Amino acid sequence: MSGSRLIHVGFGNIVNAEKIIAIVSPDSAPVRRLVSQAKNDGRTIDATQGRKTKSVIVMENDRIVLSALLPETIRGRAAASDDSAEDEDE
């Protein structure tokens with residue numbers, strides 16, 4: 001997967017940062033409905049290792065990744081991944 005930026009979303013689980021559409025908190029009713037429907041459709045990837053879901057990552061391929069990390073933590077890791085990708089281009 002050369003050229004892909006991968007970010008750690010907790011407990012050894014990694015996602016392709018270039019395929020992320022949104023990183024949201026699971027607290028709102030619309031996000032809870034989105035997660036519930038994705039679970040029913042088999043589109044959910046649970047990366048929480050049994051812990052409380054603190055962020056929901058919406059991917060390009062209609063997959064929903066559940067993470068036990070806060071959205072801010074994942075955003076920071078994605079930003080750090082962006083910075084390192086820019087350094088490689090120079």
# chains A, B, ... in the order shown; residues from 1 in each chain; ligands from 1

call {"tool": "residues_around", "arguments": {"residues": "stretch 56-70 of chain A", "least_positions_apart": "4", "cutoff": "10 Å", "atoms": "only C-alpha atoms", "output": "JSON, numbers by chain"}}
result
{"A": [8, 9, 10, 11, 13, 15, 16, 17, 18, 19, 20, 21, 22, 23, 24, 25, 26, 27, 31, 32, 34, 35, 38, 39, 41, 42, 43, 44, 45, 46, 47, 48, 49, 50, 51, 52, 74, 75]}

call {"tool": "write_last_selection", "arguments": {"atoms": "C-alpha atoms", "output": "short mmCIF file (atom, residue, chain, number, x, y, z; two decimals), in the first residue's frame"}}
result
data_model
loop_
_atom_site.label_atom_id
_atom_site.label_comp_id
_atom_site.auth_asym_id
_atom_site.auth_seq_id
_atom_site.Cartn_x
_atom_site.Cartn_y
_atom_site.Cartn_z
CA HIS A 8 -3.88 4.16 14.26
CA VAL A 9 -7.46 4.19 15.63
CA GLY A 10 -6.76 2.25 18.81
CA PHE A 11 -5.77 -1.22 20.02
CA ASN A 13 -6.29 -1.13 14.48
CA VAL A 15 -7.40 2.75 8.78
CA ASN A 16 -6.48 4.42 5.52
CA ALA A 17 -6.63 8.15 6.26
CA GLU A 18 -7.25 8.97 2.60
CA LYS A 19 -10.58 7.10 2.70
CA ILE A 20 -12.02 8.93 5.74
CA ILE A 21 -15.03 11.17 5.06
CA ALA A 22 -15.80 12.20 8.65
CA ILE A 23 -14.83 11.56 12.26
CA VAL A 24 -17.78 12.28 14.54
CA SER A 25 -18.90 11.83 18.11
CA PRO A 26 -21.43 9.00 18.64
CA ASP A 27 -23.62 11.08 20.97
CA VAL A 31 -25.11 9.30 14.33
CA ARG A 32 -26.63 6.63 16.58
CA LEU A 34 -26.34 5.70 11.25
CA VAL A 35 -24.37 3.25 13.41
CA ALA A 38 -24.73 0.06 9.53
CA LYS A 39 -24.68 -2.71 12.17
CA ASP A 41 -26.41 -4.05 7.20
CA GLY A 42 -23.07 -5.55 8.27
CA ARG A 43 -21.10 -2.42 7.32
CA THR A 44 -19.67 -1.76 10.79
CA ILE A 45 -16.08 -2.40 11.79
CA ASP A 46 -15.78 -2.41 15.57
CA ALA A 47 -12.27 -1.34 16.62
CA THR A 48 -13.21 -0.65 20.25
CA GLN A 49 -12.09 -4.00 21.72
CA GLY A 50 -15.22 -3.98 23.91
CA ARG A 51 -14.68 -0.47 25.22
CA LYS A 52 -17.10 2.45 24.96
CA ILE A 74 -7.85 10.64 15.70
CA ARG A 75 -7.87 14.07 14.03
#

call {"tool": "select_by_dssp", "arguments": {"residues": "chain A", "states": "strand (DSSP E or B)", "output": "ChimeraX atom specification"}}
result
/A:6-10,13-16,20-24,44-47,55-59,64-67

call {"tool": "closest_residue", "arguments": {"among": "A:Asp82, A:Pro71, A:Ala29, A:Gln37", "to": "A:Thr53", "atoms": "only C-alpha atoms"}}
result
A:Pro71

call {"tool": "atom_distance", "arguments": {"atom1": "atom CA of A:Arg5", "atom2": "atom CA of A:Ala78"}}
result
8.4 Å

call {"tool": "select_by_dssp", "arguments": {"residues": "chain A", "states": "helix (DSSP H, G or I)", "output": "PyMOL selection string"}}
result
chain A and resi 17-19+29-41+71-89

call {"tool": "atom_distance", "arguments": {"atom1": "atom CA of A:Arg33", "atom2": "atom CA of A:Ile14"}}
result
24.4 Å
